$ cat entry.txt   # compact mmCIF, C-alpha atoms
# COMPACT_ATOMS: atom_id res chain seq x y z
CA MET Q 1 -28.90 -20.72 20.74
CA ALA Q 2 -28.87 -17.51 22.76
CA THR Q 3 -29.22 -14.14 21.14
CA PRO Q 4 -26.26 -11.86 21.86
CA GLY Q 5 -26.94 -8.94 24.20
CA PRO Q 6 -25.94 -5.35 23.50
CA ALA Q 7 -22.23 -4.63 23.32
CA VAL Q 8 -21.00 -2.90 26.46
CA THR Q 9 -17.57 -1.81 25.30
CA ARG Q 10 -16.99 1.73 24.12
CA PRO Q 11 -15.64 2.57 20.70
CA SER Q 12 -11.90 2.96 20.82
CA GLU Q 13 -9.58 4.93 18.60
CA HIS Q 14 -7.22 1.97 18.69
CA THR Q 15 -7.53 -1.27 16.83
CA PRO Q 16 -9.55 -3.46 19.18
CA ILE Q 17 -7.64 -6.28 20.86
CA SER Q 18 -10.42 -8.63 19.88
CA ALA Q 19 -13.71 -8.15 18.12
CA ALA Q 20 -15.01 -6.35 21.21
CA GLY Q 21 -17.83 -4.38 19.70
CA ARG Q 22 -18.62 -7.19 17.29
CA ARG Q 23 -18.50 -10.25 19.49
CA ARG Q 24 -19.12 -13.33 17.45
CA TYR Q 25 -20.05 -15.36 20.49
CA PRO Q 26 -23.13 -15.13 22.71
CA PHE Q 27 -22.75 -13.58 26.12
CA LEU Q 28 -24.83 -12.59 29.12
CA VAL Q 29 -25.18 -9.07 30.53
CA LYS Q 30 -26.79 -8.56 33.92
CA ARG Q 31 -28.54 -5.22 34.29
CA PRO Q 32 -27.60 -3.35 37.48
CA SER Q 33 -30.51 -3.09 39.90
CA ARG Q 34 -32.03 0.26 40.86
CA THR Q 35 -31.70 -0.58 44.53
CA TRP Q 36 -27.97 -1.41 44.38
CA TRP Q 37 -27.30 1.18 47.08
CA LEU Q 38 -29.27 -0.87 49.60
CA ARG Q 39 -27.47 -4.14 48.87
CA THR Q 40 -24.39 -4.05 51.08
CA ARG Q 41 -23.58 -2.24 54.28
CA ALA Q 42 -20.83 -0.25 52.56
CA TYR Q 43 -23.22 0.90 49.83
CA ARG Q 44 -25.80 1.92 52.44
CA ARG Q 45 -23.15 3.95 54.26
CA PHE Q 46 -22.23 5.63 50.99
CA ALA Q 47 -25.91 6.44 50.37
CA ALA Q 48 -26.21 7.85 53.90
CA ARG Q 49 -23.14 10.03 53.34
CA GLU Q 50 -24.52 11.41 50.10
CA ALA Q 51 -28.07 11.84 51.45
CA THR Q 52 -26.92 13.83 54.48
CA SER Q 53 -25.43 16.42 52.13
CA LEU Q 54 -29.03 17.46 51.40
CA PHE Q 55 -29.28 18.62 55.02
CA ALA Q 56 -26.24 20.83 54.50
CA ALA Q 57 -28.04 22.30 51.47
CA ALA Q 58 -31.18 22.79 53.59
CA PHE Q 59 -29.18 24.69 56.19
CA SER Q 60 -27.69 27.02 53.57
CA LEU Q 61 -31.24 27.73 52.36
CA ILE Q 62 -32.20 28.70 55.91
CA LEU Q 63 -29.14 30.98 56.09
CA LEU Q 64 -30.14 32.59 52.78
CA THR Q 65 -33.68 33.11 54.08
CA PHE Q 66 -32.16 34.77 57.14
CA LEU Q 67 -30.16 37.20 54.97
CA PHE Q 68 -33.18 37.86 52.80
CA ALA Q 69 -35.33 38.64 55.87
CA LEU Q 70 -32.59 40.93 57.18
CA SER Q 71 -32.50 42.89 53.93
CA ARG Q 72 -36.27 43.40 53.94
CA GLY Q 73 -36.33 45.32 57.22
CA PRO Q 74 -37.11 44.85 60.94
CA GLN Q 75 -40.58 43.38 60.45
CA ALA Q 76 -39.43 40.58 58.18
CA TYR Q 77 -36.46 39.93 60.46
CA ASP Q 78 -38.71 39.62 63.52
CA GLY Q 79 -40.90 37.23 61.57
CA PHE Q 80 -37.88 35.12 60.77
CA LEU Q 81 -36.82 35.09 64.43
CA ARG Q 82 -40.31 33.99 65.45
CA TRP Q 83 -40.14 31.18 62.90
CA LEU Q 84 -36.79 30.14 64.34
CA GLN Q 85 -38.29 29.81 67.83
CA ARG Q 86 -41.16 27.57 66.81
CA PRO Q 87 -40.81 24.03 68.21
CA GLY Q 88 -41.04 22.53 64.71
CA THR Q 89 -38.12 24.67 63.53
CA VAL Q 90 -36.04 23.76 66.58
CA ILE Q 91 -36.61 20.05 65.87
CA LEU Q 92 -35.76 20.60 62.19
CA LEU Q 93 -32.54 22.40 63.10
CA ALA Q 94 -31.60 19.63 65.56
CA VAL Q 95 -32.10 17.01 62.83
CA ILE Q 96 -30.03 19.12 60.42
CA LEU Q 97 -27.25 19.45 63.01
CA VAL Q 98 -27.06 15.69 63.57
CA ALA Q 99 -27.07 14.99 59.81
CA ILE Q 100 -24.36 17.57 59.12
CA LEU Q 101 -22.19 16.24 61.97
CA TYR Q 102 -22.45 12.76 60.43
CA HIS Q 103 -21.67 14.15 56.98
CA VAL Q 104 -18.63 16.02 58.29
CA ALA Q 105 -17.36 12.94 60.14
CA THR Q 106 -17.52 10.83 56.95
CA TRP Q 107 -15.57 13.43 55.01
CA PHE Q 108 -12.93 13.83 57.71
CA ARG Q 109 -12.37 10.08 57.45
CA LEU Q 110 -12.27 10.19 53.63
CA THR Q 111 -9.94 13.19 53.58
CA SER Q 112 -7.42 11.17 55.56
CA GLN Q 113 -7.51 8.60 52.74
CA ILE Q 114 -6.73 11.26 50.12
CA LEU Q 115 -4.33 13.56 51.93
CA VAL Q 116 -0.77 12.27 52.07
CA ILE Q 117 1.61 14.23 54.25
CA ARG Q 118 5.19 13.01 53.91
CA ILE Q 119 8.02 13.79 56.27
CA GLY Q 120 11.05 12.37 54.52
CA ARG Q 121 10.11 8.76 53.76
CA LEU Q 122 7.57 8.69 56.57
CA VAL Q 123 3.86 9.08 55.80
CA VAL Q 124 1.83 10.74 58.55
CA PRO Q 125 -0.69 8.11 59.82
CA ARG Q 126 -4.36 8.60 58.91
CA LYS Q 127 -5.44 8.90 62.56
CA ILE Q 128 -3.18 11.91 63.04
CA VAL Q 129 -4.57 13.55 59.89
CA VAL Q 130 -8.15 13.05 61.18
CA GLY Q 131 -7.05 14.36 64.59
CA GLY Q 132 -5.60 17.46 62.94
CA LEU Q 133 -8.82 18.10 61.02
CA VAL Q 134 -10.91 17.72 64.18
CA ALA Q 135 -8.54 20.07 66.02
CA VAL Q 136 -8.86 22.77 63.33
CA TRP Q 137 -12.62 22.33 63.34
CA LEU Q 138 -12.82 22.70 67.14
CA LEU Q 139 -10.55 25.76 66.96
CA LEU Q 140 -12.74 27.46 64.35
CA SER Q 141 -15.92 26.58 66.26
CA GLY Q 142 -14.34 28.05 69.41
CA LEU Q 143 -13.48 31.21 67.48
CA VAL Q 144 -17.07 31.57 66.27
CA LEU Q 145 -18.39 31.09 69.83
CA TYR Q 146 -15.85 33.64 71.10
CA LEU Q 147 -16.93 36.22 68.50
CA TYR Q 148 -20.57 35.51 69.38
CA ALA Q 149 -19.89 36.15 73.06
CA LEU Q 150 -17.89 39.26 72.19
CA PHE Q 151 -20.66 40.95 70.22
CA LEU Q 152 -23.65 39.80 72.25
CA MET D 1 -16.24 -40.87 60.79
CA ALA D 2 -18.33 -39.37 58.02
CA GLU D 3 -16.52 -36.83 55.90
CA GLU D 4 -17.60 -33.24 56.38
CA THR D 5 -19.05 -31.60 53.27
CA MET D 6 -19.95 -28.13 52.18
CA THR D 7 -22.43 -26.89 49.57
CA LEU D 8 -21.42 -24.62 46.70
CA ARG D 9 -24.09 -22.87 44.64
CA VAL D 10 -22.44 -22.03 41.36
CA THR D 11 -23.85 -19.79 38.63
CA ARG D 12 -23.81 -21.52 35.27
CA TYR D 13 -24.22 -19.91 31.89
CA ARG D 14 -24.13 -22.23 28.93
CA PRO D 15 -25.20 -20.33 25.82
CA GLU D 16 -25.95 -23.54 23.91
CA ARG D 17 -28.50 -24.47 26.61
CA GLY D 18 -30.38 -21.19 26.82
CA PRO D 19 -30.06 -17.42 27.11
CA ASP D 20 -30.23 -17.29 30.92
CA SER D 21 -27.92 -18.29 33.72
CA TYR D 22 -28.96 -20.78 36.39
CA LEU D 23 -27.67 -22.12 39.70
CA ASP D 24 -26.03 -25.52 40.09
CA GLU D 25 -25.52 -27.04 43.51
CA PHE D 26 -22.50 -29.17 44.41
CA ASP D 27 -21.48 -30.85 47.65
CA VAL D 28 -17.73 -30.92 48.11
CA PRO D 29 -15.61 -32.46 50.88
CA TYR D 30 -14.67 -29.80 53.41
CA ARG D 31 -11.31 -29.27 55.04
CA GLU D 32 -10.34 -26.26 57.11
CA ASP D 33 -7.42 -25.33 54.85
CA MET D 34 -9.45 -25.37 51.61
CA VAL D 35 -9.98 -22.24 49.58
CA VAL D 36 -12.94 -21.63 47.25
CA LEU D 37 -10.75 -22.38 44.24
CA ASP D 38 -9.88 -25.82 45.70
CA ALA D 39 -13.60 -26.57 45.89
CA LEU D 40 -14.11 -25.47 42.26
CA ASN D 41 -11.18 -27.66 41.17
CA HIS D 42 -12.72 -30.58 43.06
CA ILE D 43 -15.99 -30.06 41.18
CA LYS D 44 -14.21 -29.88 37.85
CA ASP D 45 -12.03 -32.95 38.52
CA ASP D 46 -14.54 -35.25 40.22
CA ILE D 47 -18.13 -34.05 39.69
CA ASP D 48 -18.68 -31.97 36.55
CA GLY D 49 -15.83 -31.45 34.09
CA SER D 50 -17.82 -28.90 32.13
CA LEU D 51 -17.59 -26.22 34.85
CA THR D 52 -15.69 -23.31 33.31
CA TYR D 53 -13.62 -20.72 35.21
CA ARG D 54 -10.22 -19.00 35.09
CA TRP D 55 -7.34 -19.62 37.45
CA SER D 56 -3.60 -19.92 37.34
CA CYS D 57 -1.16 -19.22 40.16
CA ARG D 58 -3.16 -20.23 43.28
CA MET D 59 -1.22 -17.67 45.34
CA GLY D 60 -2.89 -14.29 44.83
CA VAL D 61 -0.44 -12.99 42.26
CA CYS D 62 -1.86 -13.66 38.80
CA GLY D 63 -5.27 -12.06 39.31
CA SER D 64 -7.15 -14.66 37.22
CA CYS D 65 -9.52 -16.27 39.70
CA GLY D 66 -11.63 -13.29 40.75
CA MET D 67 -15.31 -14.17 41.27
CA MET D 68 -18.26 -13.03 43.33
CA VAL D 69 -18.20 -15.06 46.54
CA ASN D 70 -21.41 -14.55 48.52
CA GLY D 71 -21.94 -11.28 46.66
CA MET D 72 -18.46 -9.84 47.21
CA PRO D 73 -15.71 -9.74 44.58
CA ARG D 74 -12.88 -11.94 45.89
CA LEU D 75 -9.85 -13.85 44.67
CA THR D 76 -11.08 -17.44 45.08
CA CYS D 77 -7.52 -18.68 45.71
CA SER D 78 -7.27 -16.48 48.82
CA THR D 79 -10.79 -16.99 50.17
CA TYR D 80 -11.07 -19.85 52.66
CA LEU D 81 -14.18 -22.00 52.87
CA ARG D 82 -13.92 -21.86 56.68
CA GLU D 83 -15.06 -18.23 56.48
CA PHE D 84 -18.53 -19.50 55.47
CA HIS D 85 -18.67 -23.07 56.81
CA PRO D 86 -21.14 -24.72 57.40
CA GLU D 87 -23.37 -22.34 55.40
CA PRO D 88 -23.46 -22.80 51.60
CA VAL D 89 -21.36 -20.49 49.44
CA VAL D 90 -22.71 -18.77 46.34
CA ILE D 91 -20.21 -18.36 43.50
CA GLU D 92 -21.03 -16.00 40.62
CA PRO D 93 -19.01 -14.49 37.80
CA LEU D 94 -17.50 -11.03 38.44
CA GLU D 95 -20.25 -8.45 38.32
CA SER D 96 -20.58 -5.73 35.66
CA PHE D 97 -18.77 -7.75 32.99
CA PRO D 98 -20.39 -9.70 30.15
CA VAL D 99 -20.34 -13.42 30.93
CA ILE D 100 -19.01 -15.72 28.22
CA ARG D 101 -19.52 -19.05 29.99
CA ASP D 102 -20.22 -20.12 33.60
CA LEU D 103 -17.75 -18.05 35.67
CA VAL D 104 -15.69 -16.65 32.80
CA VAL D 105 -16.17 -12.97 31.92
CA ASP D 106 -15.10 -10.94 28.91
CA MET D 107 -12.14 -8.74 29.90
CA THR D 108 -11.89 -6.82 26.62
CA ASP D 109 -13.36 -3.56 27.92
CA PHE D 110 -10.95 -3.54 30.86
CA LEU D 111 -7.91 -4.33 28.72
CA GLU D 112 -8.73 -1.52 26.28
CA LYS D 113 -9.12 0.93 29.14
CA LEU D 114 -5.74 -0.09 30.54
CA ARG D 115 -4.16 0.70 27.21
CA GLU D 116 -5.95 4.04 26.91
CA VAL D 117 -4.09 5.49 29.93
CA LYS D 118 -0.74 4.81 28.20
CA PRO D 119 0.78 2.78 31.02
CA TRP D 120 4.43 3.27 30.16
CA VAL D 121 7.06 5.95 30.82
CA ILE D 122 6.56 8.78 28.32
CA ARG D 123 9.47 11.17 27.64
CA GLU D 124 9.31 14.44 25.75
CA ARG D 125 12.73 13.55 24.40
CA GLU D 126 14.51 10.24 24.87
CA ASP D 127 18.00 10.64 26.31
CA ALA D 128 20.82 8.93 24.42
CA VAL D 129 21.97 5.62 25.89
CA GLU D 130 25.41 7.13 26.66
CA GLU D 131 23.73 9.62 28.99
CA GLY D 132 22.94 6.76 31.35
CA GLU D 133 19.88 5.62 33.29
CA TYR D 134 17.05 7.79 34.56
CA LEU D 135 17.94 7.71 38.25
CA GLN D 136 15.39 7.69 41.05
CA THR D 137 15.70 8.15 44.80
CA PRO D 138 13.89 5.79 47.22
CA GLU D 139 11.59 8.73 48.09
CA GLU D 140 10.64 9.08 44.42
CA VAL D 141 9.88 5.36 44.23
CA ASP D 142 7.69 5.64 47.36
CA ARG D 143 5.45 8.13 45.58
CA TYR D 144 4.09 5.62 43.05
CA LYS D 145 5.06 2.18 44.36
CA GLN D 146 1.68 1.40 45.93
CA PHE D 147 -0.10 1.99 42.61
CA SER D 148 2.32 -0.30 40.78
CA MET D 149 1.18 -3.35 42.78
CA CYS D 150 -2.02 -3.90 40.75
CA ILE D 151 -2.47 -7.44 39.38
CA ASN D 152 -5.36 -6.58 37.01
CA CYS D 153 -7.79 -8.91 38.78
CA MET D 154 -10.72 -6.53 38.08
CA LEU D 155 -12.25 -6.98 41.55
CA CYS D 156 -12.35 -3.18 41.85
CA TYR D 157 -14.50 -2.90 38.71
CA SER D 158 -16.94 -5.44 40.12
CA ALA D 159 -17.16 -3.52 43.40
CA CYS D 160 -17.76 -0.20 41.64
CA PRO D 161 -21.43 0.82 41.34
CA VAL D 162 -20.43 3.65 38.99
CA TYR D 163 -18.94 1.20 36.48
CA ALA D 164 -22.06 -0.98 36.86
CA GLN D 165 -24.27 1.96 35.87
CA ASP D 166 -21.96 3.48 33.29
CA PRO D 167 -19.64 1.10 31.42
CA GLU D 168 -17.98 4.15 29.81
CA PHE D 169 -16.30 4.94 33.15
CA LEU D 170 -12.54 4.44 32.88
CA GLY D 171 -12.63 2.67 36.24
CA PRO D 172 -10.48 2.21 39.35
CA ALA D 173 -7.56 0.04 38.17
CA ALA D 174 -6.95 2.00 34.96
CA ILE D 175 -6.88 5.31 36.86
CA ALA D 176 -4.61 3.84 39.55
CA LEU D 177 -2.27 2.67 36.78
CA ALA D 178 -2.33 6.12 35.19
CA SER D 179 -1.39 7.55 38.60
CA ARG D 180 1.46 5.07 38.85
CA TYR D 181 3.04 6.68 35.76
CA ASN D 182 1.94 10.27 36.48
CA LEU D 183 3.66 10.09 39.86
CA ASP D 184 6.84 8.57 38.40
CA SER D 185 9.65 11.14 38.40
CA ARG D 186 10.94 9.76 35.07
CA ASP D 187 7.63 10.30 33.31
CA GLN D 188 6.59 13.40 31.34
CA GLY D 189 3.34 12.14 29.81
CA ARG D 190 0.80 13.57 32.21
CA SER D 191 -0.86 15.93 29.73
CA GLU D 192 -1.32 13.03 27.29
CA ARG D 193 -3.04 10.94 29.96
CA ASP D 194 -5.25 13.90 30.93
CA GLU D 195 -7.14 13.36 27.67
CA VAL D 196 -8.75 10.23 29.12
CA LEU D 197 -8.39 11.06 32.84
CA GLY D 198 -9.60 14.64 33.11
CA VAL D 199 -12.95 14.07 31.40
CA ASP D 200 -16.43 13.03 32.53
CA THR D 201 -15.81 9.35 31.89
CA GLY D 202 -12.45 9.60 33.70
CA ILE D 203 -11.89 10.79 37.26
CA TRP D 204 -15.03 12.96 37.38
CA ASP D 205 -17.38 9.97 37.04
CA CYS D 206 -16.16 8.65 40.38
CA THR D 207 -18.41 9.42 43.38
CA PHE D 208 -15.93 7.98 45.91
CA VAL D 209 -17.95 5.01 47.10
CA GLY D 210 -14.56 3.62 48.07
CA GLU D 211 -15.37 -0.08 47.69
CA CYS D 212 -12.67 -0.55 45.04
CA SER D 213 -10.04 0.01 47.72
CA VAL D 214 -11.82 -2.26 50.20
CA VAL D 215 -11.89 -5.29 47.86
CA CYS D 216 -8.40 -4.76 46.40
CA PRO D 217 -6.29 -7.81 47.34
CA LYS D 218 -3.04 -5.83 46.88
CA ASP D 219 -3.92 -2.68 48.90
CA VAL D 220 -3.47 -0.53 45.81
CA ASP D 221 -6.14 1.93 47.03
CA PRO D 222 -7.47 3.03 43.62
CA ALA D 223 -10.06 5.27 45.32
CA ALA D 224 -7.26 7.37 46.79
CA ALA D 225 -5.51 7.48 43.40
CA ILE D 226 -8.68 8.85 41.78
CA GLN D 227 -9.39 11.48 44.44
CA ARG D 228 -5.75 12.63 44.48
CA THR D 229 -5.87 12.95 40.71
CA LYS D 230 -8.99 15.10 41.08
CA VAL D 231 -7.11 17.37 43.49
CA SER D 232 -3.93 17.61 41.40
CA THR D 233 -5.82 18.12 38.12
CA THR D 234 -7.84 20.95 39.66
CA THR D 235 -4.76 22.55 41.24
CA ARG D 236 -2.85 22.37 37.98
CA GLY D 237 -5.79 23.79 36.04
CA MET D 238 -6.10 26.76 38.40
CA LEU D 239 -2.34 27.31 38.41
CA ALA D 240 -2.35 27.31 34.61
CA ALA D 241 -5.10 29.93 34.62
CA VAL D 242 -3.30 32.40 36.91
CA TRP D 243 0.27 31.53 36.01
CA PRO D 244 0.40 30.11 32.47
CA HIS D 245 4.12 29.42 32.45
CA ARG D 246 4.18 27.33 35.61
CA GLY D 247 0.86 25.51 35.49
CA ARG D 248 1.60 22.99 32.74
CA ARG D 249 4.13 20.29 33.30
$ encode --input "entry.txt" --output "structure tokens"
Amino acid sequence: MATPGPAVTRPSEHTPISAAGRRRYPFLVKRPSRTWWLRTRAYRRFAAREATSLFAAAFSLILLTFLFALSRGPQAYDGFLRWLQRPGTVILLAVILVAILYHVATWFRLTSQILVIRIGRLVVPRKIVVGGLVAVWLLLSGLVLYLYALFL
Amino acid sequence: MAEETMTLRVTRYRPERGPDSYLDEFDVPYREDMVVLDALNHIKDDIDGSLTYRWSCRMGVCGSCGMMVNGMPRLTCSTYLREFHPEPVVIEPLESFPVIRDLVVDMTDFLEKLREVKPWVIREREDAVEEGEYLQTPEEVDRYKQFSMCINCMLCYSACPVYAQDPEFLGPAAIALASRYNLDSRDQGRSERDEVLGVDTGIWDCTFVGECSVVCPKDVDPAAAIQRTKVSTTTRGMLAAVWPHRGRR
């Protein structure tokens, strides 16, 4: 005779439909594995999406360091600029750029799953929503480049 | 001509035999138009009558025959053997649920969660019968119709790594069902449902893996229901903070 495993149901304010928390019969519970996120392709893609967010965090840290250096005067700022020009930093920034681009692409795709734009009874197709997001992104990037050129 | 066969590796759990599950191998005759459920029925009828599993309608409507087929949660009545032929197929009970026997899982947790979201039209005040029906335009039906197609097959729960790690999570189908009523123009029970939706074990447990929507045989898209609820709950909360009279509805 098997020994019953731990109950997995949560306590409910309602009268239980059956003796959920007090099962009178034996049952089997499989523990989830720690490496579940490697198991299927979809899970690996999810893990990649979440992991690339760390690169976005890394880039904001670099931006904060930049502001900090700026506030500490010309010497610290020059030091920061020198650090930026080191080959290691350039490689790091290139890796961060690629990771963030991937991260952004995944979220553009997901946003189109969440965002419903209705025109009458018609729902705007997902591809058009993604296209719109990409267009806004390109527009904003263009604006930043324009401002950069303006003040240089 | 010799009949073509196909091998099924089926997970068995027979509590009277021992505390662990084991694999049984069966060779079944193969035809191109056979689904996995046909093969299981063949085993039960002609090879081993003790094989235990749930099924009913055989046409993807009742939601009873969900199992893990080669590691993916599928309705066995809608999964053709030809997808895997000539390789063997592995059949396991739906993941993340306690197994009672062979391929049969305990649905109690899921059924209680369904009830917790109060899946019925809630009115602040019932209109008198003489006042007539609560009318709805086709546009208003469109808003929730997709989420009303759920057949409670629980494939989405088996695909959800969050539910696997944390059985307290309300889960995809229950939240999609809550959305079905929250989006219904006749319903006024949203704030009641928020008690189970707007908490850590509700929508905020979801990390948007999105596999619930991929495995859903009815294209309900529970992942979208959860994320949209996150957006609308946040919007309503902020509105209530800056504009107390308008925010709550």
$ closest_residue --input "entry.txt" --among "Q:Arg121, Q:Val104, Q:Ala69, Q:Thr52" --to "chain D" --atoms "all atoms listed in the file"
Q:Arg121
$ interface_residues --input "entry.txt" --of "chain D" --to "chain Q" --cutoff "10 Å" --atoms "only C-alpha atoms" --output "PyMOL selection string"
chain D and resi 13-21+71-72+95-102+105-113+115-116+138-140+142-143+159-161+163-169+207-211+214+221+223-229+231
$ residues_around --input "entry.txt" --residues "D:Tyr144" --least-positions-apart "2" --cutoff "9 Å" --atoms "all atoms listed in the file" --output "PyMOL selection string"
chain D and resi 140-142+146-148+179-184
$ residues_around --input "entry.txt" --residues "Q:Thr65" --least-positions-apart "5" --cutoff "9 Å" --atoms "all atoms listed in the file" --output "JSON, numbers by chain"
{"Q": [60, 70, 80]}
$ atom_distance --input "entry.txt" --atom1 "atom CA of D:Asp219" --atom2 "atom CA of D:Ile151"
10.7 Å
$ build_atoms --input "entry.txt" --residues "stretch 185-206 of chain D" --atoms "N, CA and C atoms" --output "short mmCIF file (atom, residue, chain, number, x, y, z; two decimals), keeping the file's coordinate frame"
data_model
loop_
_atom_site.label_atom_id
_atom_site.label_comp_id
_atom_site.auth_asym_id
_atom_site.auth_seq_id
_atom_site.Cartn_x
_atom_site.Cartn_y
_atom_site.Cartn_z
N SER D 185 8.81 9.97 38.69
CA SER D 185 9.65 11.14 38.40
C SER D 185 10.29 11.07 37.01
N ARG D 186 10.33 9.89 36.39
CA ARG D 186 10.94 9.76 35.07
C ARG D 186 9.96 10.09 33.96
N ASP D 187 8.68 10.17 34.32
CA ASP D 187 7.63 10.30 33.31
C ASP D 187 7.30 11.77 33.01
N GLN D 188 6.98 12.05 31.74
CA GLN D 188 6.59 13.40 31.34
C GLN D 188 5.30 13.38 30.52
N GLY D 189 4.49 12.33 30.70
CA GLY D 189 3.34 12.14 29.81
C GLY D 189 2.00 12.52 30.41
N ARG D 190 2.04 13.29 31.50
CA ARG D 190 0.80 13.57 32.21
C ARG D 190 -0.27 14.23 31.32
N SER D 191 0.15 15.22 30.53
CA SER D 191 -0.86 15.93 29.73
C SER D 191 -1.49 14.99 28.68
N GLU D 192 -0.74 14.00 28.22
CA GLU D 192 -1.32 13.03 27.29
C GLU D 192 -2.38 12.18 27.98
N ARG D 193 -2.08 11.78 29.23
CA ARG D 193 -3.04 10.94 29.96
C ARG D 193 -4.27 11.73 30.37
N ASP D 194 -4.11 13.07 30.54
CA ASP D 194 -5.25 13.90 30.93
C ASP D 194 -6.40 13.80 29.94
N GLU D 195 -6.08 13.45 28.68
CA GLU D 195 -7.14 13.36 27.67
C GLU D 195 -8.18 12.30 28.02
N VAL D 196 -7.76 11.23 28.71
CA VAL D 196 -8.75 10.23 29.12
C VAL D 196 -9.08 10.33 30.61
N LEU D 197 -8.16 10.96 31.40
CA LEU D 197 -8.39 11.06 32.84
C LEU D 197 -9.27 12.24 33.21
N GLY D 198 -8.95 13.41 32.66
CA GLY D 198 -9.60 14.64 33.11
C GLY D 198 -10.94 14.92 32.45
N VAL D 199 -11.66 13.90 32.06
CA VAL D 199 -12.95 14.07 31.40
C VAL D 199 -14.05 13.39 32.22
N ASP D 200 -15.30 13.58 31.78
CA ASP D 200 -16.43 13.03 32.53
C ASP D 200 -16.34 11.53 32.75
N THR D 201 -15.88 10.80 31.74
CA THR D 201 -15.81 9.35 31.89
C THR D 201 -14.53 8.92 32.61
N GLY D 202 -13.67 9.89 32.95
CA GLY D 202 -12.45 9.60 33.70
C GLY D 202 -12.70 9.81 35.18
N ILE D 203 -11.80 10.61 35.81
CA ILE D 203 -11.89 10.79 37.26
C ILE D 203 -13.22 11.38 37.72
N TRP D 204 -13.85 12.23 36.89
CA TRP D 204 -15.03 12.96 37.38
C TRP D 204 -16.28 12.10 37.44
N ASP D 205 -16.25 10.90 36.90
CA ASP D 205 -17.38 9.97 37.04
C ASP D 205 -17.42 9.36 38.44
N CYS D 206 -16.28 9.33 39.09
CA CYS D 206 -16.16 8.65 40.38
C CYS D 206 -16.87 9.44 41.47
#
